[in-house]
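In what follows, a single structure is set out as structure tokens and then discussed.
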Protein chains: 4
Amino acid sequence: MKPKIDINCDLGESYGAFTMGNDAAIMPNITSANVACGFHGGDPVTISRTVKLAKKSAVAVGAHPGFPDIMGFGRREMQLTREEVEKYIIYQIGALQQFARVAGMSLQHIKPHGAMYNMAAKDSKLADGIIGAMRAVDMQLIVFAPPKSTLAKAAEKAGLRTAYEVFADRAYNSDGSLVSRSNPGAIINEPKKVVERAVKMVEEKAALSVDGKIVDFVDIHTICVHSDTMGAVKLATALKKGLVKAGITVEKVGKFV
Amino acid sequence: MKPKIDINCDLGESYGAFTMGNDAAIMPNITSANVACGFHGGDPVTISRTVKLAKKSAVAVGAHPGFPDIMGFGRREMQLTREEVEKYIIYQIGALQQFARVAGMSLQHIKPHGAMYNMAAKDSKLADGIIGAMRAVDMQLIVFAPPKSTLAKAAEKAGLRTAYEVFADRAYNSDGSLVSRSNPGAIINEPKKVVERAVKMVEEKAALSVDGKIVDFVDIHTICVHSDTMGAVKLATALKKGLVKAGITVEKVGKFV
Amino acid sequence: MKPKIDINCDLGESYGAFTMGNDAAIMPNITSANVACGFHGGDPVTISRTVKLAKKSAVAVGAHPGFPDIMGFGRREMQLTREEVEKYIIYQIGALQQFARVAGMSLQHIKPHGAMYNMAAKDSKLADGIIGAMRAVDMQLIVFAPPKSTLAKAAEKAGLRTAYEVFADRAYNSDGSLVSRSNPGAIINEPKKVVERAVKMVEEKAALSVDGKIVDFVDIHTICVHSDTMGAVKLATALKKGLVKAGITVEKVGKFV
Amino acid sequence: MKPKIDINCDLGESYGAFTMGNDAAIMPNITSANVACGFHGGDPVTISRTVKLAKKSAVAVGAHPGFPDIMGFGRREMQLTREEVEKYIIYQIGALQQFARVAGMSLQHIKPHGAMYNMAAKDSKLADGIIGAMRAVDMQLIVFAPPKSTLAKAAEKAGLRTAYEVFADRAYNSDGSLVSRSNPGAIINEPKKVVERAVKMVEEKAALSVDGKIVDFVDIHTICVHSDTMGAVKLATALKKGLVKAGITVEKVGKFV
């Protein structure tokens with residue numbers, strides 16, 4: 001059987017006159033869109049347009065909830081209570097889901113944004129808040145999480161479907177965490193390199209860390225591409241082609257997880 | 001047949017540590033709660049608690065969307081595009097609806113907040129944006145609007161159920177608009193006076209304006225009480241009792257509009 | 001005597017990860033920078049960097065206060081009280097002035113942003129609020145205003161120095177107001193055309209409106225270039241060169257108003 | 001020589017229609033006001049009124065900068081970069097200072113708010129950011145910090161005047177940190193107890209921790225009273241009287257630190 005993979009991207013993060021990413025050009029090259037929900041980016045007009053854009057390209061829509069921090073783009077750690085996390089995520093899912101419903105779609109998944117994603121990989125209070133929100137809203141939602149992360153384990157324990165996510169354009173530490181954006185070598189911009197890396201990751205369910213160790217992912221369901229890195233569109237186009245050429249089926253994760 | 005009336009109140013407007021109103025004490029005395037949705041007040045934790053509180057008192061829940069202006073509490077006019085109005089309201093309805101769904105409830109109505117309510121009474125672009133959002137979301141939703149207002153007419157034209165709303169604790173101009181809060185005599189605080197006024201309004205479907213003219217409301221379906229005026233709880237309690245005592249049936253507007 | 005003109009540009013409008021304009025490239029081509037102060041754009045880190053950038057290019061720094069509306073980028077009309085306008089502007093001037101002081105600079109001018117600028121051209125309550133803030137803070141500040149506008153008149157009456165501002169890349173209506181951005185032909189992108197237009201405006205203190213009438217500006221002290229239109233840098237470069245070539249002295253407005 | 005003490009209170013934290021505390025009643029009972037600067041609370045109109053109120057009562061004004069988090073009232077930890085901390089504080093000091101200047105006053109001190117205060121007691125990156133802002137702005141400013149804290153040490157190293165602050169209405173852990181508000185017994189409401197505790201603290205420069213250990217403060221310069229706890233006004237009144245009665249001089253910290 002051919003291996004399967006989903007390609008996801010964070011989209012809809014523009015905020016009024018502040019534009020972020022190149023959503024229209026990225027959309028045809030991905031299978032799952034993580035749509036910002038207004039807390040770190042994504043005003044309602046942008047959300048509405050992004051959902052319609054996803055529909056046009058038959059891309060699955062998921063919620064991309066973040067910390068309430070426009071100024072920091074949700075990239076700064078915040079210490080919220082368990083209740084705050086759960087309610088903030090229910091709120092954001094609800095808002096996005098309404099636009100999906102208006103467009104005749106339903107949500108496929110949840111992927112926490114930025115610092116919330118990174119923290120939930122290790123912090124069980126935060127992971128429990130995210131899982132609590134998903135349980136309250138819809139047990140059919142899939143959660144995107146790093147393989148072996150606290151979030152992935154909490155989701156599996158709760159009986160939620162989990163998609164293990166890897167980043168083909170980001171370097172890994174040997175413990176499976178991402179090398180911080182502020183470090184040199186954290187972001188891989190060269191499309192050819194990213195594609196080779198992605199194909200290998202999917203085939204081997206593993207990656208090489210910055211210090212040359214093997215990072216075993218156990219399984220891989222979705223690859224994240226960024227829309228705000230330089231050459232993001234070229235990279236996404238190359239990635240999809242490269243994966244298909246390598247005999248890998250590229251389709252939305254809801255079909256096979 | 002006995003006349004029927006709904007009593008509504010704006011609730012859930014606290015914002016984190018900033019508390020507004022006395023929701024728990026007001027709730028048992030009303031039949032419809034207009035729940036803030038996060039744009040002028042109402043953080044997600046507050047929304048969640050308010051919805052649960054409404055359920056406990058068997059009070060119907062409606063969305064109370066406002067302009068995106070926490071600092072101005074949605075009381076300042078903003079000029080938004082038709083698209084912005086529609087999407088901002090879809091967003092706010094969606095967020096609230098999710099909490100209602102989690103609590104096993106569904107939304108009964110929409111009542112725009114503050115400056116959005118006042119503007120929509122006269123401004124057809126704004127009224128169309130509100131109606132557009134309701135049509136997109138759910139044609140069963142009832143809109144709360146001043147009798148004869150632009151919003152009420154737009155809703156009726158669109159085939160939406162409309163509840164004519166009056167304010168028993170606010171003075172009216174002869175054209176049916178509310179006397180501005182900044183004018184003396186705009187707010188009526190004396191409970192006895194408010195109750196007498198309310199009973200008369202429901203029975204006569206009319207009121208006396210500040211300058212002694214008769215304001216004909218054609219029909220009246222819901223009376224608004226405020227939770228942030230002095231003695232709001234006493235007033236709400238007195239109002240419900242007074243209406244019942246006068247032989248008027250007090251029940252949620254969804255049952256009779 | 002050679003005519004003199006200042007070239008100003010709205011800068012420092014980025015907001016955290018949301019970038020706006022191309023400040024570093026524009027700066028060497030202007031003489032006055034209108035620096036966003038955090039209400040419509042401009043987080044503190046951006047403000048600090050923009051002030052330092054201005055100092056490096058010997059560009060004068062002014063405050064560019066806006067309505068408290070990040071989502072609408074201060075481009076939407078808001079109805080504030082006279083007191084709110086005054087205090088919001090004192091706040092924004094104070095914040096920016098602190099960064100200027102830290103960099104060893106002082107503020108040259110105030111230019112209201114977006115909807116606040118457009119409204120103040122006609123609305124005396126808003127104009128009075130702006131003037132009230134300037135009187136409270138520093139009578140040496142220069143206000144940028146459209147020629148003959150309500151704001152210009154209020155400033156002159158208060159004894160404040162006023163710089164009449166024109167837009168070389170925007171079309172004018174015959175009443176001296178700008179053609180709305182949403183209309184075709186509102187923005188002039190062709191650098192050669194903009195430069196010719198600018199030179200003629202400075203020499204004749206007048207412009208041709210979209211419907212072919214002469215708009216008499218009485219006097220012109222500063223020309224605004226935008227940093228967020230396509231080809232803004234090329235345009236600014238061409239403008240400065242073109243004005244100098246036409247024998248016009250390009251220098252900061254504080255030197256000659 | 002009689003011991004001296006300053007009484008400080010967090011004021012000006014209302015935000016538009018959202019009121020917080022009872023500033024007018026508290027003001028006559030304190031000697032230093034920590035005025036919110038807009039990031040966790042305190043809109044410009046509130047700031048302006050609070051500064052005028054302080055002037056009327058001859059109370060010294062200080063900046064009370066917080067994290068940019070209105071929804072969380074600055075009580076939630078946020079991980080900012082060193083540069084963000086410094087620039088956010090320069091911004092907030094500048095805004096407040098402008099209102100002080102307009103009122104003919106100058107700032108006496110800086111006291112970080114909420115989570116920023118608690119974090120800076122231990123986190124040197126945050127403490128350095130605060131000190132960096134103060135050095136850039138005005139070396140005469142006094143910083144309020146817990147005795148022996150990382151912030152106090154950083155301030156002393158930088159040559160800034162430091163006021164050691166204690167909380168008479170909060171319980172202490174044996175390490176000198178405050179018992180978290182979420183724990184029972186964290187807040188002491190009984191005025192008599194608070195006054196006795198305060199007098200003893202000032203006389204002995206020490207306190208008893210919740211588990212009965214002596215917390216040595218080395219020195220104490222200012223006592224914080226809260227304006228948002230129940231009976232805050234009574235408590236503040238009782239505190240001032242009690243301290244004076246015990247022979248302690250109550251005056252603004254700028255006079256004796």
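Labeling convention for the structure tokens: chains A, B, ... as they appear, residues from 1 per chain, ligands from 1 in order of appearance.
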Residues of chain B within 6 Å of chain A, only C-alpha atoms counted, as a PyMOL selection string: chain B and resi 44-45+87-88+91+94-95+98+102+136
Take the residues from that selection and write them out as a compact mmCIF listing (two decimals), in the first residue's frame, keeping N, CA, C and O atoms.
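Resulting contents of selection.txt:
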# COMPACT_ATOMS: atom_id res chain seq x y z
N PRO B 44 -14.62 34.75 26.86
CA PRO B 44 -15.18 33.39 26.72
C PRO B 44 -15.57 32.72 28.04
O PRO B 44 -16.57 32.00 28.08
N VAL B 45 -14.82 32.96 29.10
CA VAL B 45 -15.19 32.35 30.38
C VAL B 45 -16.52 32.92 30.86
O VAL B 45 -17.41 32.20 31.32
N LYS B 87 -19.90 39.96 8.62
CA LYS B 87 -18.94 38.96 9.09
C LYS B 87 -18.68 39.08 10.59
O LYS B 87 -18.50 38.07 11.27
N TYR B 88 -18.65 40.30 11.11
CA TYR B 88 -18.43 40.48 12.55
C TYR B 88 -19.59 39.83 13.33
O TYR B 88 -19.39 39.30 14.43
N TYR B 91 -19.43 35.96 13.11
CA TYR B 91 -18.37 35.54 14.03
C TYR B 91 -18.89 35.48 15.47
O TYR B 91 -18.73 34.48 16.17
N GLY B 94 -21.53 32.82 16.03
CA GLY B 94 -20.91 31.49 16.03
C GLY B 94 -20.25 31.16 17.35
O GLY B 94 -20.41 30.06 17.89
N ALA B 95 -19.52 32.14 17.88
CA ALA B 95 -18.82 31.91 19.15
C ALA B 95 -19.82 31.61 20.26
O ALA B 95 -19.68 30.65 21.01
N GLN B 98 -21.74 28.25 19.99
CA GLN B 98 -20.98 27.08 20.40
C GLN B 98 -21.16 26.82 21.89
O GLN B 98 -21.32 25.68 22.30
N VAL B 102 -22.88 23.56 23.60
CA VAL B 102 -22.21 22.78 24.65
C VAL B 102 -23.14 22.61 25.86
O VAL B 102 -23.14 21.58 26.52
N ALA B 136 -27.71 34.17 6.76
CA ALA B 136 -26.64 33.20 6.51
C ALA B 136 -26.62 32.12 7.58
O ALA B 136 -26.34 30.96 7.32
Within 12 Å of Ala54 of chain A using only C-alpha atoms, minus same-chain residues under 5 positions, as a PyMOL selection string: chain A and resi 8-12+23-35+47-49+59-62+99-100+103-107
Considering only C-alpha atoms, return as a PDB file with N, CA and C atoms, in the first residue's frame whatever protein or nucleic-acid residues lie within 10 Å of segment 215-225 of chain C, sequence-local ones (same chain, fewer than 5 positions apart) excluded.
ATOM      1  N   PRO C   3      10.925  78.235  -3.779  1.00  0.00           N
ATOM      2  CA  PRO C   3       9.858  77.663  -2.945  1.00  0.00           C
ATOM      3  C   PRO C   3      10.405  76.501  -2.098  1.00  0.00           C
ATOM      4  N   LYS C   4       9.793  76.294  -0.951  1.00  0.00           N
ATOM      5  CA  LYS C   4      10.223  75.226  -0.048  1.00  0.00           C
ATOM      6  C   LYS C   4       9.100  74.214   0.157  1.00  0.00           C
ATOM      7  N   ILE C   5       9.489  72.981   0.330  1.00  0.00           N
ATOM      8  CA  ILE C   5       8.474  71.949   0.575  1.00  0.00           C
ATOM      9  C   ILE C   5       9.050  70.843   1.467  1.00  0.00           C
ATOM     10  N   ASP C   6       8.183  70.289   2.248  1.00  0.00           N
ATOM     11  CA  ASP C   6       8.513  69.153   3.117  1.00  0.00           C
ATOM     12  C   ASP C   6       7.890  67.902   2.481  1.00  0.00           C
ATOM     13  N   ILE C   7       8.556  66.761   2.615  1.00  0.00           N
ATOM     14  CA  ILE C   7       7.929  65.495   2.165  1.00  0.00           C
ATOM     15  C   ILE C   7       7.689  64.646   3.412  1.00  0.00           C
ATOM     16  N   ASN C   8       6.431  64.282   3.638  1.00  0.00           N
ATOM     17  CA  ASN C   8       6.129  63.477   4.830  1.00  0.00           C
ATOM     18  C   ASN C   8       5.570  62.118   4.438  1.00  0.00           C
ATOM     19  N   CYS C   9       5.724  61.182   5.351  1.00  0.00           N
ATOM     20  CA  CYS C   9       5.219  59.822   5.096  1.00  0.00           C
ATOM     21  C   CYS C   9       4.777  59.197   6.426  1.00  0.00           C
ATOM     22  N   ASP C  10       3.705  58.407   6.375  1.00  0.00           N
ATOM     23  CA  ASP C  10       3.229  57.661   7.551  1.00  0.00           C
ATOM     24  C   ASP C  10       4.119  56.433   7.723  1.00  0.00           C
ATOM     25  N   ILE C  26      12.057  53.962   2.577  1.00  0.00           N
ATOM     26  CA  ILE C  26      11.389  55.250   2.351  1.00  0.00           C
ATOM     27  C   ILE C  26      12.126  56.386   3.073  1.00  0.00           C
ATOM     28  N   ASN C  29      14.225  59.329   1.749  1.00  0.00           N
ATOM     29  CA  ASN C  29      13.625  60.154   0.702  1.00  0.00           C
ATOM     30  C   ASN C  29      12.606  61.155   1.227  1.00  0.00           C
ATOM     31  N   ILE C  30      12.456  61.237   2.544  1.00  0.00           N
ATOM     32  CA  ILE C  30      11.475  62.164   3.107  1.00  0.00           C
ATOM     33  C   ILE C  30      12.153  63.117   4.094  1.00  0.00           C
ATOM     34  N   THR C  31      11.404  64.100   4.562  1.00  0.00           N
ATOM     35  CA  THR C  31      11.962  65.040   5.543  1.00  0.00           C
ATOM     36  C   THR C  31      11.200  65.018   6.869  1.00  0.00           C
ATOM     37  N   SER C  32       9.960  64.506   6.843  1.00  0.00           N
ATOM     38  CA  SER C  32       9.174  64.385   8.080  1.00  0.00           C
ATOM     39  C   SER C  32       8.504  63.016   8.150  1.00  0.00           C
ATOM     40  N   ALA C  33       8.657  62.338   9.293  1.00  0.00           N
ATOM     41  CA  ALA C  33       8.035  61.019   9.477  1.00  0.00           C
ATOM     42  C   ALA C  33       6.872  61.135  10.452  1.00  0.00           C
ATOM     43  N   ASN C  34       5.698  60.688  10.019  1.00  0.00           N
ATOM     44  CA  ASN C  34       4.533  60.621  10.901  1.00  0.00           C
ATOM     45  C   ASN C  34       4.528  59.226  11.512  1.00  0.00           C
ATOM     46  N   PHE C 144      -0.337  69.105  10.933  1.00  0.00           N
ATOM     47  CA  PHE C 144      -0.489  68.884   9.494  1.00  0.00           C
ATOM     48  C   PHE C 144      -1.988  68.799   9.210  1.00  0.00           C
ATOM     49  N   ALA C 145      -2.460  69.589   8.274  1.00  0.00           N
ATOM     50  CA  ALA C 145      -3.893  69.608   7.980  1.00  0.00           C
ATOM     51  C   ALA C 145      -4.126  69.979   6.524  1.00  0.00           C
ATOM     52  N   PRO C 146      -5.253  69.538   5.966  1.00  0.00           N
ATOM     53  CA  PRO C 146      -5.560  69.963   4.593  1.00  0.00           C
ATOM     54  C   PRO C 146      -5.777  71.476   4.566  1.00  0.00           C
ATOM     55  N   PRO C 147      -5.334  72.153   3.512  1.00  0.00           N
ATOM     56  CA  PRO C 147      -5.556  73.590   3.399  1.00  0.00           C
ATOM     57  C   PRO C 147      -7.043  73.913   3.553  1.00  0.00           C
ATOM     58  N   LYS C 148      -7.357  74.977   4.229  1.00  0.00           N
ATOM     59  CA  LYS C 148      -8.736  75.474   4.397  1.00  0.00           C
ATOM     60  C   LYS C 148      -9.637  74.555   5.237  1.00  0.00           C
ATOM     61  N   THR C 162       0.712  75.736  11.514  1.00  0.00           N
ATOM     62  CA  THR C 162      -0.012  74.770  10.692  1.00  0.00           C
ATOM     63  C   THR C 162       0.741  74.528   9.389  1.00  0.00           C
ATOM     64  N   ALA C 163       0.852  73.268   9.008  1.00  0.00           N
ATOM     65  CA  ALA C 163       1.453  72.941   7.711  1.00  0.00           C
ATOM     66  C   ALA C 163       0.347  72.423   6.802  1.00  0.00           C
ATOM     67  N   TYR C 164       0.141  73.108   5.697  1.00  0.00           N
ATOM     68  CA  TYR C 164      -0.882  72.667   4.742  1.00  0.00           C
ATOM     69  C   TYR C 164      -0.333  71.471   3.966  1.00  0.00           C
ATOM     70  N   GLU C 165      -1.093  70.433   3.958  1.00  0.00           N
ATOM     71  CA  GLU C 165      -0.614  69.186   3.358  1.00  0.00           C
ATOM     72  C   GLU C 165      -1.396  68.817   2.100  1.00  0.00           C
ATOM     73  N   VAL C 166      -0.677  68.372   1.095  1.00  0.00           N
ATOM     74  CA  VAL C 166      -1.337  67.847  -0.114  1.00  0.00           C
ATOM     75  C   VAL C 166      -0.824  66.440  -0.398  1.00  0.00           C
ATOM     76  N   PHE C 167      -1.588  65.733  -1.207  1.00  0.00           N
ATOM     77  CA  PHE C 167      -1.253  64.357  -1.562  1.00  0.00           C
ATOM     78  C   PHE C 167      -0.989  64.298  -3.063  1.00  0.00           C
ATOM     79  N   ALA C 168       0.237  64.037  -3.435  1.00  0.00           N
ATOM     80  CA  ALA C 168       0.570  64.029  -4.856  1.00  0.00           C
ATOM     81  C   ALA C 168       0.089  62.743  -5.533  1.00  0.00           C
ATOM     82  N   ASP C 169      -0.107  61.706  -4.742  1.00  0.00           N
ATOM     83  CA  ASP C 169      -0.533  60.428  -5.333  1.00  0.00           C
ATOM     84  C   ASP C 169      -2.022  60.151  -5.106  1.00  0.00           C
ATOM     85  N   ARG C 170      -2.769  61.160  -4.738  1.00  0.00           N
ATOM     86  CA  ARG C 170      -4.220  60.990  -4.568  1.00  0.00           C
ATOM     87  C   ARG C 170      -4.965  62.040  -5.396  1.00  0.00           C
ATOM     88  N   TYR C 172      -8.062  64.627  -6.247  1.00  0.00           N
ATOM     89  CA  TYR C 172      -8.864  65.554  -5.447  1.00  0.00           C
ATOM     90  C   TYR C 172     -10.250  65.765  -6.038  1.00  0.00           C
ATOM     91  N   ASN C 173     -11.236  65.926  -5.173  1.00  0.00           N
ATOM     92  CA  ASN C 173     -12.543  66.432  -5.597  1.00  0.00           C
ATOM     93  C   ASN C 173     -12.462  67.955  -5.693  1.00  0.00           C
ATOM     94  N   SER C 174     -13.434  68.548  -6.346  1.00  0.00           N
ATOM     95  CA  SER C 174     -13.354  69.996  -6.567  1.00  0.00           C
ATOM     96  C   SER C 174     -13.494  70.800  -5.271  1.00  0.00           C
ATOM     97  N   ASP C 175     -14.023  70.168  -4.220  1.00  0.00           N
ATOM     98  CA  ASP C 175     -14.126  70.890  -2.943  1.00  0.00           C
ATOM     99  C   ASP C 175     -12.848  70.766  -2.102  1.00  0.00           C
ATOM    100  N   GLY C 176     -11.824  70.175  -2.683  1.00  0.00           N
ATOM    101  CA  GLY C 176     -10.554  70.071  -1.976  1.00  0.00           C
ATOM    102  C   GLY C 176     -10.413  68.807  -1.142  1.00  0.00           C
ATOM    103  N   SER C 177     -11.466  67.984  -1.095  1.00  0.00           N
ATOM    104  CA  SER C 177     -11.372  66.714  -0.363  1.00  0.00           C
ATOM    105  C   SER C 177     -10.753  65.647  -1.275  1.00  0.00           C
ATOM    106  N   VAL C 194       3.036  61.554 -10.815  1.00  0.00           N
ATOM    107  CA  VAL C 194       2.988  62.063  -9.435  1.00  0.00           C
ATOM    108  C   VAL C 194       3.979  63.218  -9.267  1.00  0.00           C
ATOM    109  N   ALA C 198       3.179  67.013  -8.392  1.00  0.00           N
ATOM    110  CA  ALA C 198       3.714  67.600  -7.165  1.00  0.00           C
ATOM    111  C   ALA C 198       4.406  68.938  -7.447  1.00  0.00           C
ATOM    112  N   MET C 201       1.836  71.512  -8.195  1.00  0.00           N
ATOM    113  CA  MET C 201       1.124  71.889  -6.962  1.00  0.00           C
ATOM    114  C   MET C 201       1.920  72.891  -6.144  1.00  0.00           C
ATOM    115  N   VAL C 202       3.226  72.606  -5.967  1.00  0.00           N
ATOM    116  CA  VAL C 202       4.060  73.480  -5.146  1.00  0.00           C
ATOM    117  C   VAL C 202       4.209  74.847  -5.823  1.00  0.00           C
ATOM    118  N   GLU C 203       4.408  74.826  -7.143  1.00  0.00           N
ATOM    119  CA  GLU C 203       4.611  76.098  -7.858  1.00  0.00           C
ATOM    120  C   GLU C 203       3.333  76.927  -7.923  1.00  0.00           C
ATOM    121  N   GLU C 204       2.219  76.238  -8.130  1.00  0.00           N
ATOM    122  CA  GLU C 204       0.963  76.982  -8.337  1.00  0.00           C
ATOM    123  C   GLU C 204       0.080  77.047  -7.095  1.00  0.00           C
ATOM    124  N   LYS C 205       0.468  76.300  -6.053  1.00  0.00           N
ATOM    125  CA  LYS C 205      -0.355  76.239  -4.831  1.00  0.00           C
ATOM    126  C   LYS C 205      -1.799  75.884  -5.164  1.00  0.00           C
ATOM    127  N   ALA C 206      -1.926  74.981  -6.114  1.00  0.00           N
ATOM    128  CA  ALA C 206      -3.251  74.567  -6.577  1.00  0.00           C
ATOM    129  C   ALA C 206      -3.145  73.220  -7.290  1.00  0.00           C
ATOM    130  N   ALA C 207      -4.296  72.583  -7.537  1.00  0.00           N
ATOM    131  CA  ALA C 207      -4.312  71.307  -8.265  1.00  0.00           C
ATOM    132  C   ALA C 207      -5.558  71.236  -9.141  1.00  0.00           C
ATOM    133  N   LEU C 208      -5.566  70.282 -10.052  1.00  0.00           N
ATOM    134  CA  LEU C 208      -6.762  70.036 -10.864  1.00  0.00           C
ATOM    135  C   LEU C 208      -7.567  68.920 -10.219  1.00  0.00           C
ATOM    136  N   SER C 209      -8.849  69.128 -10.051  1.00  0.00           N
ATOM    137  CA  SER C 209      -9.691  68.077  -9.464  1.00  0.00           C
ATOM    138  C   SER C 209     -10.045  67.020 -10.510  1.00  0.00           C
ATOM    139  N   ALA C 232       6.078  52.389  -3.717  1.00  0.00           N
ATOM    140  CA  ALA C 232       6.174  53.578  -2.867  1.00  0.00           C
ATOM    141  C   ALA C 232       7.592  54.128  -2.804  1.00  0.00           C
ATOM    142  N   VAL C 233       8.557  53.220  -2.723  1.00  0.00           N
ATOM    143  CA  VAL C 233       9.945  53.660  -2.587  1.00  0.00           C
ATOM    144  C   VAL C 233      10.407  54.383  -3.858  1.00  0.00           C
ATOM    145  N   LEU C 235       8.572  55.830  -5.995  1.00  0.00           N
ATOM    146  CA  LEU C 235       7.839  57.080  -6.091  1.00  0.00           C
ATOM    147  C   LEU C 235       8.466  58.156  -5.218  1.00  0.00           C
ATOM    148  N   ALA C 236       8.785  57.791  -3.975  1.00  0.00           N
ATOM    149  CA  ALA C 236       9.359  58.765  -3.041  1.00  0.00           C
ATOM    150  C   ALA C 236      10.705  59.263  -3.555  1.00  0.00           C
ATOM    151  N   LEU C 239      10.130  61.533  -6.451  1.00  0.00           N
ATOM    152  CA  LEU C 239       9.516  62.786  -6.026  1.00  0.00           C
ATOM    153  C   LEU C 239      10.574  63.766  -5.509  1.00  0.00           C
ATOM    154  N   VAL C 250      13.781  71.101  -0.712  1.00  0.00           N
ATOM    155  CA  VAL C 250      13.074  70.067   0.063  1.00  0.00           C
ATOM    156  C   VAL C 250      13.691  70.015   1.467  1.00  0.00           C
ATOM    157  N   GLU C 251      12.958  70.467   2.464  1.00  0.00           N
ATOM    158  CA  GLU C 251      13.474  70.385   3.837  1.00  0.00           C
ATOM    159  C   GLU C 251      12.331  70.253   4.848  1.00  0.00           C
ATOM    160  N   LYS C 252      12.700  69.870   6.069  1.00  0.00           N
ATOM    161  CA  LYS C 252      11.666  69.606   7.071  1.00  0.00           C
ATOM    162  C   LYS C 252      10.865  70.872   7.363  1.00  0.00           C
ATOM    163  N   VAL C 253       9.587  70.677   7.536  1.00  0.00           N
ATOM    164  CA  VAL C 253       8.652  71.790   7.617  1.00  0.00           C
ATOM    165  C   VAL C 253       8.895  72.689   8.832  1.00  0.00           C
ATOM    166  N   GLY C 254       9.495  72.103   9.882  1.00  0.00           N
ATOM    167  CA  GLY C 254       9.773  72.887  11.084  1.00  0.00           C
ATOM    168  C   GLY C 254      10.722  74.050  10.822  1.00  0.00           C
ATOM    169  N   PHE C 256      10.638  76.072   8.175  1.00  0.00           N
ATOM    170  CA  PHE C 256      10.123  77.209   7.403  1.00  0.00           C
ATOM    171  C   PHE C 256       8.650  77.553   7.651  1.00  0.00           C
ATOM    172  N   VAL C 257       7.967  76.799   8.498  1.00  0.00           N
ATOM    173  CA  VAL C 257       6.562  77.149   8.747  1.00  0.00           C
ATOM    174  C   VAL C 257       6.448  78.084   9.963  1.00  0.00           C
TER     175      VAL C 257
END
Tell me which protein, DNA and RNA residues are within 8 Å of Ala115 of chain D, counting only C-alpha atoms, leaving out same-chain ones fewer than 6 positions away, and put them as a PyMOL selection string. chain D and resi 66-67+74-78
Who sits within 10 Å of Arg181 of chain B, only C-alpha atoms, same chain under 4 positions skipped, as an NGL selection string: :B and (170-171 or 185-187)
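Here atom CA of His40 of chain A and atom CA of Lys255 of chain A stand 28.9 Å from one another.
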